[in-house]
file upload-v4.tsv (TSV, C-alpha atoms and all ligand atoms)
chain	number	residue	atom	x	y	z
F	492	MET	CA	125.25	98.54	120.24
F	493	THR	CA	125.33	101.74	118.19
F	494	SER	CA	123.50	100.64	115.05
F	495	VAL	CA	119.78	100.34	114.49
F	496	ILE	CA	117.83	98.92	111.55
F	497	ILE	CA	114.74	100.94	110.65
F	498	GLY	CA	112.06	99.33	108.49
F	499	CYS	CA	110.40	101.83	106.13
F	500	SER	CA	107.00	101.24	104.52
F	501	GLY	CA	108.24	99.23	101.52
F	502	ALA	CA	110.71	96.93	103.27
F	503	SER	CA	109.73	96.18	106.86
F	504	GLU	CA	109.87	92.41	106.47
F	505	ILE	CA	113.31	92.23	104.87
F	506	ALA	CA	114.56	94.90	107.33
F	507	ARG	CA	113.51	92.68	110.24
F	508	LYS	CA	115.38	89.73	108.69
F	509	ILE	CA	118.54	91.82	108.27
F	510	ALA	CA	118.35	92.97	111.91
F	511	ARG	CA	117.93	89.36	113.06
F	512	ARG	CA	120.92	88.16	111.02
F	513	LEU	CA	123.16	90.95	112.34
F	514	HIS	CA	121.81	90.79	115.92
F	515	LEU	CA	120.93	94.49	115.71
F	516	PRO	CA	117.89	96.23	117.18
F	517	TYR	CA	114.97	96.73	114.79
F	518	SER	CA	112.34	99.46	114.80
F	519	LYS	CA	109.61	100.30	112.33
F	520	LEU	CA	109.39	103.86	111.03
F	521	SER	CA	105.98	105.48	111.45
F	522	ALA	CA	104.86	106.80	108.07
F	523	GLU	CA	101.28	107.99	108.09
F	524	LYS	CA	99.24	110.26	105.85
F	525	PHE	CA	97.38	113.35	107.07
F	526	PRO	CA	93.82	113.70	105.69
F	527	ASP	CA	95.15	115.96	102.91
F	528	ARG	CA	97.67	113.19	101.92
F	529	GLU	CA	100.72	114.98	103.32
F	530	LEU	CA	103.21	112.59	104.86
F	531	HIS	CA	104.04	112.33	108.56
F	532	VAL	CA	107.19	110.42	109.51
F	533	GLY	CA	108.51	109.54	112.97
F	534	PHE	CA	111.00	107.25	114.72
F	535	ASN	CA	109.81	104.92	117.47
F	536	THR	CA	113.23	104.43	118.99
F	537	SER	CA	116.11	106.58	120.19
F	538	ILE	CA	118.39	107.67	117.34
F	539	LYS	CA	120.95	109.91	119.09
F	540	GLY	CA	124.53	108.83	118.45
F	541	LYS	CA	123.42	105.78	116.43
F	542	ILE	CA	124.32	104.52	112.96
F	543	VAL	CA	120.88	104.45	111.40
F	544	PHE	CA	120.18	101.99	108.58
F	545	LEU	CA	116.94	102.94	106.84
F	546	VAL	CA	115.65	100.03	104.76
F	547	GLN	CA	113.33	100.96	101.91
F	548	SER	CA	112.31	99.34	98.64
F	549	PHE	CA	110.91	101.70	96.06
F	550	TYR	CA	107.90	100.17	94.29
F	551	ASN	CA	104.21	101.14	93.90
F	552	ASN	CA	103.97	104.64	95.42
F	553	ILE	CA	107.56	105.38	94.49
F	554	SER	CA	107.46	109.15	94.98
F	555	ASP	CA	105.92	108.81	98.47
F	556	LYS	CA	108.54	106.23	99.38
F	557	ILE	CA	111.33	108.55	98.25
F	558	LEU	CA	109.91	111.39	100.32
F	559	GLU	CA	109.49	109.10	103.33
F	560	VAL	CA	113.22	108.23	103.24
F	561	LEU	CA	114.29	111.84	102.75
F	562	PHE	CA	112.16	112.95	105.72
F	563	ALA	CA	113.45	110.07	107.83
F	564	ALA	CA	117.10	110.70	106.89
F	565	GLN	CA	116.88	114.42	107.72
F	566	THR	CA	115.02	113.69	110.96
F	567	ALA	CA	117.66	111.13	111.98
F	568	LYS	CA	120.36	113.77	111.44
F	569	ASP	CA	118.35	116.37	113.40
F	570	LEU	CA	118.02	113.87	116.25
F	571	GLY	CA	121.78	113.34	116.38
F	572	ALA	CA	122.36	110.11	114.41
F	573	SER	CA	126.09	109.60	113.87
F	574	LYS	CA	125.51	108.24	110.34
F	575	VAL	CA	122.48	107.65	108.14
F	576	MET	CA	122.65	104.84	105.61
F	577	LEU	CA	120.01	103.65	103.17
F	578	ILE	CA	119.62	99.98	102.26
F	579	ALA	CA	117.58	99.71	99.07
F	580	PRO	CA	116.72	96.13	98.09
F	581	TYR	CA	115.18	97.78	95.02
F	582	PHE	CA	116.25	101.29	93.98
F	583	PRO	CA	114.18	103.07	91.31
F	584	TYR	CA	114.70	105.32	88.29
F	585	LEU	CA	118.07	103.89	87.25
F	586	ARG	CA	116.90	102.80	83.80
F	587	GLN	CA	116.58	106.39	82.59
F	588	ASP	CA	120.36	106.87	82.68
F	589	LYS	CA	120.73	109.06	79.61
F	590	ARG	CA	118.78	111.55	77.52
F	591	PHE	CA	117.26	109.18	74.97
F	592	LYS	CA	115.16	112.03	73.50
F	593	GLU	CA	115.85	115.75	73.39
F	594	GLY	CA	114.34	117.55	76.38
F	595	GLU	CA	113.78	114.61	78.72
F	596	SER	CA	115.20	114.31	82.22
F	597	ILE	CA	118.02	111.93	83.16
F	598	SER	CA	116.12	110.59	86.16
F	599	ALA	CA	118.92	108.29	87.34
F	600	LYS	CA	121.26	111.26	87.78
F	601	ILE	CA	118.61	113.22	89.63
F	602	VAL	CA	117.78	110.46	92.14
F	603	ALA	CA	121.49	109.92	92.75
F	604	LYS	CA	121.77	113.63	93.59
F	605	ILE	CA	118.66	113.57	95.80
F	606	PHE	CA	120.21	110.79	97.90
F	607	SER	CA	123.68	112.36	98.04
F	608	LYS	CA	123.03	113.56	101.62
F	609	VAL	CA	122.75	109.98	102.89
F	610	ASP	CA	126.15	108.63	103.98
F	611	LYS	CA	125.87	105.42	101.94
F	612	VAL	CA	123.21	103.88	99.72
F	613	PHE	CA	123.41	100.08	99.47
F	614	ILE	CA	121.58	98.90	96.34
F	615	VAL	CA	120.88	95.32	95.35
F	616	GLU	CA	121.69	94.82	91.65
F	617	PRO	CA	121.18	98.41	90.52
F	618	HIS	CA	120.21	98.78	86.89
F	619	ALA	CA	123.49	100.47	86.05
F	620	HIS	CA	124.71	98.26	83.23
F	621	ARG	CA	125.04	100.93	80.59
F	622	LEU	CA	127.05	103.17	82.93
F	623	LYS	CA	130.78	102.66	82.61
F	624	ARG	CA	131.52	104.38	85.91
F	625	PHE	CA	128.64	103.92	88.36
F	626	LYS	CA	130.84	105.29	91.15
F	627	ASP	CA	131.23	108.66	89.38
F	628	PHE	CA	127.54	108.74	88.71
F	629	PHE	CA	126.44	107.77	92.24
F	630	PRO	CA	129.50	108.23	94.49
F	631	ASN	CA	127.92	107.15	97.79
F	632	ALA	CA	126.29	104.00	96.36
F	633	VAL	CA	127.49	100.46	97.10
F	634	LYS	CA	126.31	97.63	94.82
F	635	ILE	CA	125.15	94.35	96.34
F	636	SER	CA	125.15	91.30	94.07
F	637	ALA	CA	122.29	88.79	94.08
F	638	ALA	CA	124.36	86.24	92.12
F	639	ASP	CA	125.18	84.03	95.16
F	640	VAL	CA	121.62	83.66	96.36
F	641	ILE	CA	120.25	83.05	92.87
F	642	ALA	CA	122.94	80.46	92.08
F	643	GLY	CA	122.17	78.81	95.44
F	644	TYR	CA	118.45	78.67	94.61
F	645	ILE	CA	119.10	77.16	91.16
F	646	LYS	CA	121.58	74.61	92.53
F	647	LYS	CA	119.09	73.41	95.14
F	648	LYS	CA	116.12	73.18	92.81
F	649	PHE	CA	117.28	72.14	89.34
F	650	ASP	CA	119.51	69.86	87.36
F	651	ASP	CA	119.69	69.33	83.59
F	652	TYR	CA	118.87	72.90	82.62
F	653	VAL	CA	120.17	75.72	80.48
F	654	LEU	CA	120.64	79.23	81.88
F	655	ILE	CA	119.49	82.08	79.62
F	656	GLY	CA	119.94	85.84	79.80
F	657	PRO	CA	117.29	87.69	77.77
F	658	ASP	CA	119.57	90.46	76.44
F	659	GLU	CA	123.20	91.59	76.25
F	660	GLU	CA	122.95	93.58	79.50
F	661	SER	CA	122.02	90.38	81.34
F	662	SER	CA	125.64	89.20	81.09
F	663	ASN	CA	126.20	91.39	84.19
F	664	TRP	CA	124.37	88.89	86.40
F	665	ILE	CA	124.20	85.78	84.17
F	666	ILE	CA	127.99	85.43	84.01
F	667	PRO	CA	128.55	85.60	87.81
F	668	ILE	CA	125.64	83.18	88.36
F	669	SER	CA	126.83	80.72	85.70
F	670	LYS	CA	130.41	80.84	87.05
F	671	GLN	CA	129.12	79.65	90.41
F	672	LEU	CA	127.14	76.90	88.73
F	673	SER	CA	130.09	75.99	86.44
F	674	ILE	CA	127.94	76.12	83.31
F	675	GLU	CA	128.02	77.96	79.99
F	676	PRO	CA	125.05	80.35	79.71
F	677	ILE	CA	123.17	81.49	76.61
F	678	ILE	CA	122.82	85.24	76.23
F	679	LEU	CA	120.15	86.41	73.81
F	680	ARG	CA	120.02	89.70	71.94
F	681	LYS	CA	117.02	92.00	72.37
F	682	LYS	CA	115.79	95.15	70.67
F	683	ARG	CA	113.51	97.45	72.65
F	684	LEU	CA	110.89	98.96	70.38
F	685	GLY	CA	109.19	101.00	73.15
F	686	PRO	CA	108.37	100.87	76.89
F	687	LYS	CA	105.90	98.05	76.21
F	688	SER	CA	107.42	96.27	73.25
F	689	VAL	CA	110.57	94.21	72.76
F	690	LYS	CA	111.87	91.82	70.12
F	691	ILE	CA	114.33	88.97	70.62
F	692	LEU	CA	116.83	88.99	67.76
F	693	SER	CA	118.66	85.69	68.48
F	694	SER	CA	117.60	82.25	67.25
F	695	LEU	CA	118.34	79.22	69.40
F	696	ASN	CA	119.53	75.96	67.84
F	697	LYS	CA	116.44	73.71	67.84
F	698	GLU	CA	118.61	70.59	67.53
F	699	LYS	CA	120.00	71.07	71.06
F	700	LYS	CA	116.98	70.14	73.18
F	701	VAL	CA	117.01	70.51	77.00
F	702	LYS	CA	114.54	69.72	79.76
F	703	ILE	CA	114.48	73.09	81.52
F	704	ALA	CA	115.30	76.66	80.49
F	705	ILE	CA	115.89	79.11	83.35
F	706	ILE	CA	115.73	82.72	82.21
F	707	VAL	CA	117.10	85.34	84.63
F	708	ASP	CA	116.52	89.08	84.27
F	709	ASP	CA	117.32	91.86	86.73
F	710	ILE	CA	113.89	93.49	86.46
F	711	ILE	CA	110.55	92.07	85.44
F	712	SER	CA	108.32	95.05	84.79
F	713	THR	CA	105.68	94.52	82.07
F	714	GLY	CA	107.04	90.97	81.63
F	715	ASP	CA	107.43	91.47	77.88
F	716	THR	CA	111.18	90.83	77.83
F	717	MET	CA	110.67	87.53	79.66
F	718	VAL	CA	107.65	86.53	77.54
F	719	GLU	CA	109.60	87.06	74.31
F	720	ALA	CA	112.71	85.32	75.65
F	721	GLY	CA	110.43	82.49	76.86
F	722	LYS	CA	109.00	82.03	73.34
F	723	GLU	CA	112.52	81.59	71.99
F	724	ALA	CA	113.52	79.26	74.86
F	725	LYS	CA	110.43	77.13	74.26
F	726	LYS	CA	111.98	76.08	70.94
F	727	ILE	CA	114.61	74.09	72.83
F	728	ALA	CA	113.19	73.44	76.31
F	729	GLU	CA	110.30	71.41	77.73
F	730	THR	CA	109.64	73.82	80.61
F	731	ILE	CA	110.46	77.46	81.30
F	732	HIS	CA	111.37	78.96	84.67
F	733	TYR	CA	111.60	82.71	85.06
F	734	ILE	CA	113.73	84.31	87.75
F	735	GLY	CA	113.58	88.07	88.23
F	736	ILE	CA	115.85	89.77	90.72
F	737	HIS	CA	113.35	92.60	91.11
F	738	GLY	CA	109.81	91.44	90.36
F	739	ILE	CA	107.98	94.72	89.81
F	740	LEU	CA	105.40	92.74	87.82
F	741	VAL	CA	103.14	95.57	86.67
F	742	GLY	CA	99.63	94.98	85.34
F	743	ASP	CA	99.09	91.45	84.07
F	744	ALA	CA	102.81	90.57	83.92
F	745	MET	CA	102.46	87.69	86.38
F	746	LYS	CA	99.47	86.23	84.53
F	747	LYS	CA	101.26	86.42	81.16
F	748	LEU	CA	104.37	84.74	82.51
F	749	ARG	CA	102.57	82.04	84.49
F	750	LYS	CA	100.90	80.94	81.25
F	751	GLN	CA	104.38	80.06	79.98
F	752	GLY	CA	106.16	78.83	83.10
F	753	GLU	CA	107.02	79.24	86.77
F	754	VAL	CA	107.86	82.75	88.04
F	755	VAL	CA	110.12	83.41	91.01
F	756	SER	CA	111.74	86.63	92.18
F	757	CYS	CA	113.89	87.89	95.03
F	758	ASN	CA	112.18	89.54	97.99
F	759	SER	CA	113.32	93.08	97.13
F	760	ILE	CA	109.68	93.54	96.09
F	761	PRO	CA	107.25	91.37	98.04
F	762	SER	CA	104.74	89.32	95.99
F	763	SER	CA	103.46	85.75	95.67
F	764	ALA	CA	106.60	85.10	93.55
F	765	SER	CA	109.22	86.56	95.93
F	766	LYS	CA	110.76	83.33	97.20
F	767	ILE	CA	114.49	84.13	97.05
F	768	ASP	CA	115.64	85.87	100.23
F	769	LEU	CA	118.20	88.67	99.87
F	770	SER	CA	118.70	89.33	103.57
F	771	LYS	CA	121.93	87.28	103.74
F	772	ALA	CA	123.48	89.03	100.71
F	773	ILE	CA	122.57	92.41	102.21
F	774	SER	CA	123.72	91.56	105.75
F	775	ASP	CA	127.07	90.21	104.50
F	776	GLU	CA	127.72	93.53	102.75
F	777	ILE	CA	126.60	95.93	105.45
F	778	LYS	CA	128.03	94.15	108.49
F	779	ARG	CA	131.37	95.95	108.14
F	780	PHE	CA	129.57	99.30	108.42
F	781	ALA	CA	127.48	98.34	111.47
F	782	LYS	CA	128.62	98.47	115.09
R	1	LIG	C1	116.17	96.26	80.76
R	1	LIG	O1	117.13	96.93	80.49
R	1	LIG	C2	116.05	95.43	81.99
R	1	LIG	O2	117.23	94.71	82.25
R	1	LIG	C3	114.85	94.51	81.89
R	1	LIG	O3	115.07	93.61	80.84
R	1	LIG	C4	113.59	95.29	81.65
R	1	LIG	O4	113.44	96.33	82.58
R	1	LIG	C5	112.38	94.39	81.68
R	1	LIG	O5	111.24	95.15	81.42
R	1	LIG	P1	109.92	94.48	80.89
R	1	LIG	O6	109.51	93.42	81.86
R	1	LIG	O7	108.93	95.62	80.86
R	1	LIG	O8	110.18	93.94	79.53
call {"tool": "encode", "arguments": {"input": "upload-v4.tsv", "output": "structure tokens", "more": "lines below"}}
Ligand code: R5P
result
Amino acid sequence: MTSVIIGCSGASEIARKIARRLHLPYSKLSAEKFPDRELHVGFNTSIKGKIVFLVQSFYNNISDKILEVLFAAQTAKDLGASKVMLIAPYFPYLRQDKRFKEGESISAKIVAKIFSKVDKVFIVEPHAHRLKRFKDFFPNAVKISAADVIAGYIKKKFDDYVLIGPDEESSNWIIPISKQLSIEPIILRKKRLGPKSVKILSSLNKEKKVKIAIIVDDIISTGDTMVEAGKEAKKIAETIHYIGIHGILVGDAMKKLRKQGEVVSCNSIPSSASKIDLSKAISDEIKRFAK
């Protein structure tokens, strides 16, 4: 066995599941803070000659988590790892993919560069929808789709529903999900007015009533996109179900959404809503790189 799965601070549970599925050894990375808040990182298993899969999800203390992975990746190389891969159930900073205003940084480009030293970066549903050529932008990244697991969850739990994407970009995951469910989705149009304000521009046909509306977005951050889409969906549906691939759920997002309906997310970011397991989708993709 020459591969090892290493659980970093933001993804130890999902890392353990991936290791179990692939019958690979698992070890947790030590990531402690010195009294002055500097980071101390260390491996608890032998790394020499191994293919090292670091598993990290970047939420909450995002900058610390980035540094933790960079320290771990460099340390693995120093200790003689044959390859260092990063599995990121949630990868950050990809929404700032262009200079929207003069003088601001293109964060997505910068993080891609920062992680260019890692042999491969496996990312579940990266927010890369506006980028025509993600590969040019992030050459060592491999996208992992969550469409299968989400379609499987919907199939098991619901019938007589309509599937809704809250904005044009959502066609990237709504279409693959709806193909698997053999249904015709509804894709709304959205205008973003600011980081905390969105407006849904589409109007649904109130004559076509349904029992359940399932709205799927790739990221739930403030929850405003989902709340606004939910208000529109409420015109045609009795109940609303929200599915977020990455449930960042900042501030009172969960509270706002639970007032309108049920909230479920994938386990790229652990929370009381993270009920859809991504470990199979991730394992299926990385197994050809593991030995
Ligand atoms: C936007 O491009 C994304 O696909 C999501 O719709 C967005 O990040 C959701 O953010 P919020 O929950 O803050 O509306």
call {"tool": "closest_atom_pairs", "arguments": {"input": "upload-v4.tsv", "of": "chain F", "to": "ligand LIG 1 (chain R)", "cutoff": "7 Å", "atoms": "all atoms listed in the file", "output": "tab-separated table"}}
result
residue	atom	partner	partner_atom	distance
F:Arg586	CA	R:LIG1	O1	6.7
F:His618	CA	R:LIG1	O2	6.9
F:Glu660	CA	R:LIG1	O2	6.4
F:Ser661	CA	R:LIG1	O2	6.5
F:Pro686	CA	R:LIG1	O7	6.6
F:Lys687	CA	R:LIG1	O7	6.1
F:Val689	CA	R:LIG1	O8	6.8
F:Asp708	CA	R:LIG1	O3	5.9
F:Asp709	CA	R:LIG1	O2	5.3
F:Ile710	CA	R:LIG1	C3	4.8
F:Ile711	CA	R:LIG1	O6	4.0
F:Ser712	CA	R:LIG1	O6	3.6
F:Thr713	CA	R:LIG1	O7	3.6
F:Gly714	CA	R:LIG1	O6	3.5
F:Asp715	CA	R:LIG1	O8	4.0
F:Thr716	CA	R:LIG1	O8	3.7
F:Met717	CA	R:LIG1	O6	6.4
call {"tool": "atom_distance", "arguments": {"input": "upload-v4.tsv", "atom1": "atom CA of F:Val718", "atom2": "atom CA of F:Tyr652"}}
result
18.4 Å
call {"tool": "residues_near_point", "arguments": {"input": "upload-v4.tsv", "point": "(122.7, 90.3, 73.7)", "cutoff": "8 Å", "atoms": "only C-alpha atoms", "output": "list in words"}}
result
Pro657, Asp658, Glu659, Glu660, Ser661, Ile678, Leu679, Arg680 and Lys681 of chain F
call {"tool": "residues_around", "arguments": {"input": "upload-v4.tsv", "residues": "F:Lys700", "least_positions_apart": "2", "cutoff": "9 Å", "atoms": "only C-alpha atoms", "output": "VMD selection string"}}
result
chain F and resid 696 to 698 702 726 to 729
call {"tool": "closest_atom_pairs", "arguments": {"input": "upload-v4.tsv", "of": "stretch 550-569 of chain F", "to": "stretch 538-543 of chain F", "cutoff": "10 Å", "atoms": "all atoms listed in the file", "output": "CSV"}}
result
residue,atom,partner,partner_atom,distance
F:Ala563,CA,F:Val543,CA,10.0
F:Ala564,CA,F:Val543,CA,8.6
F:Thr566,CA,F:Ile538,CA,9.4
F:Ala567,CA,F:Ile538,CA,6.4
F:Lys568,CA,F:Lys539,CA,8.6
F:Asp569,CA,F:Lys539,CA,9.0
call {"tool": "write_last_selection", "arguments": {"input": "upload-v4.tsv", "atoms": "C-alpha atoms", "output": "PDB file, in the coordinates of the input"}}
result
ATOM      1  CA  ALA F 563     113.450 110.070 107.830  1.00  0.00           C
ATOM      2  CA  ALA F 564     117.100 110.700 106.890  1.00  0.00           C
ATOM      3  CA  THR F 566     115.020 113.690 110.960  1.00  0.00           C
ATOM      4  CA  ALA F 567     117.660 111.130 111.980  1.00  0.00           C
ATOM      5  CA  LYS F 568     120.360 113.770 111.440  1.00  0.00           C
ATOM      6  CA  ASP F 569     118.350 116.370 113.400  1.00  0.00           C
TER       7      ASP F 569
END
call {"tool": "atom_distance", "arguments": {"input": "upload-v4.tsv", "atom1": "atom CA of F:Tyr550", "atom2": "atom CA of F:Ser573"}}
result
28.3 Å
call {"tool": "atom_distance", "arguments": {"input": "upload-v4.tsv", "atom1": "atom CA of F:Arg621", "atom2": "atom CA of F:Asp588"}}
result
7.8 Å
call {"tool": "closest_residue", "arguments": {"input": "upload-v4.tsv", "among": "F:Ser693, F:Val495, F:Asp555, F:Leu769", "to": "F:Thr536", "atoms": "only C-alpha atoms"}}
result
F:Val495
call {"tool": "closest_residue", "arguments": {"input": "upload-v4.tsv", "among": "F:Asn535, F:Asp627, F:Val546, F:Leu513", "to": "F:Ile497", "atoms": "only C-alpha atoms"}}
result
F:Val546
call {"tool": "residues_near_point", "arguments": {"input": "upload-v4.tsv", "point": "(123.8, 117.0, 98.3)", "cutoff": "12 Å", "atoms": "all atoms listed in the file", "output": "JSON, numbers by chain"}}
result
{"F": [561, 565, 601, 602, 603, 604, 605, 606, 607, 608, 609, 610, 629, 630, 631]}
call {"tool": "write_last_selection", "arguments": {"input": "upload-v4.tsv", "atoms": "C-alpha atoms", "output": "PDB file, in the frame of the given file"}}
result
ATOM      1  CA  LEU F 561     114.290 111.840 102.750  1.00  0.00           C
ATOM      2  CA  GLN F 565     116.880 114.420 107.720  1.00  0.00           C
ATOM      3  CA  ILE F 601     118.610 113.220  89.630  1.00  0.00           C
ATOM      4  CA  VAL F 602     117.780 110.460  92.140  1.00  0.00           C
ATOM      5  CA  ALA F 603     121.490 109.920  92.750  1.00  0.00           C
ATOM      6  CA  LYS F 604     121.770 113.630  93.590  1.00  0.00           C
ATOM      7  CA  ILE F 605     118.660 113.570  95.800  1.00  0.00           C
ATOM      8  CA  PHE F 606     120.210 110.790  97.900  1.00  0.00           C
ATOM      9  CA  SER F 607     123.680 112.360  98.040  1.00  0.00           C
ATOM     10  CA  LYS F 608     123.030 113.560 101.620  1.00  0.00           C
ATOM     11  CA  VAL F 609     122.750 109.980 102.890  1.00  0.00           C
ATOM     12  CA  ASP F 610     126.150 108.630 103.980  1.00  0.00           C
ATOM     13  CA  PHE F 629     126.440 107.770  92.240  1.00  0.00           C
ATOM     14  CA  PRO F 630     129.500 108.230  94.490  1.00  0.00           C
ATOM     15  CA  ASN F 631     127.920 107.150  97.790  1.00  0.00           C
TER      16      ASN F 631
END
call {"tool": "residues_around", "arguments": {"input": "upload-v4.tsv", "residues": "stretch 731-740 of chain F", "least_positions_apart": "5", "cutoff": "7 Å", "atoms": "all atoms listed in the file", "output": "PDB file with C-alpha atoms, keeping the file's coordinate frame"}}
result
ATOM      1  CA  TYR F 581     115.180  97.780  95.020  1.00  0.00           C
ATOM      2  CA  ILE F 703     114.480  73.090  81.520  1.00  0.00           C
ATOM      3  CA  ALA F 704     115.300  76.660  80.490  1.00  0.00           C
ATOM      4  CA  ILE F 705     115.890  79.110  83.350  1.00  0.00           C
ATOM      5  CA  ILE F 706     115.730  82.720  82.210  1.00  0.00           C
ATOM      6  CA  VAL F 707     117.100  85.340  84.630  1.00  0.00           C
ATOM      7  CA  ASP F 708     116.520  89.080  84.270  1.00  0.00           C
ATOM      8  CA  ASP F 709     117.320  91.860  86.730  1.00  0.00           C
ATOM      9  CA  ILE F 710     113.890  93.490  86.460  1.00  0.00           C
ATOM     10  CA  ILE F 711     110.550  92.070  85.440  1.00  0.00           C
ATOM     11  CA  SER F 712     108.320  95.050  84.790  1.00  0.00           C
ATOM     12  CA  THR F 713     105.680  94.520  82.070  1.00  0.00           C
ATOM     13  CA  GLY F 714     107.040  90.970  81.630  1.00  0.00           C
ATOM     14  CA  GLY F 721     110.430  82.490  76.860  1.00  0.00           C
ATOM     15  CA  MET F 745     102.460  87.690  86.380  1.00  0.00           C
ATOM     16  CA  GLN F 751     104.380  80.060  79.980  1.00  0.00           C
ATOM     17  CA  GLY F 752     106.160  78.830  83.100  1.00  0.00           C
ATOM     18  CA  GLU F 753     107.020  79.240  86.770  1.00  0.00           C
ATOM     19  CA  VAL F 754     107.860  82.750  88.040  1.00  0.00           C
ATOM     20  CA  VAL F 755     110.120  83.410  91.010  1.00  0.00           C
ATOM     21  CA  SER F 756     111.740  86.630  92.180  1.00  0.00           C
ATOM     22  CA  CYS F 757     113.890  87.890  95.030  1.00  0.00           C
ATOM     23  CA  SER F 759     113.320  93.080  97.130  1.00  0.00           C
ATOM     24  CA  ILE F 760     109.680  93.540  96.090  1.00  0.00           C
TER      25      ILE F 760
END
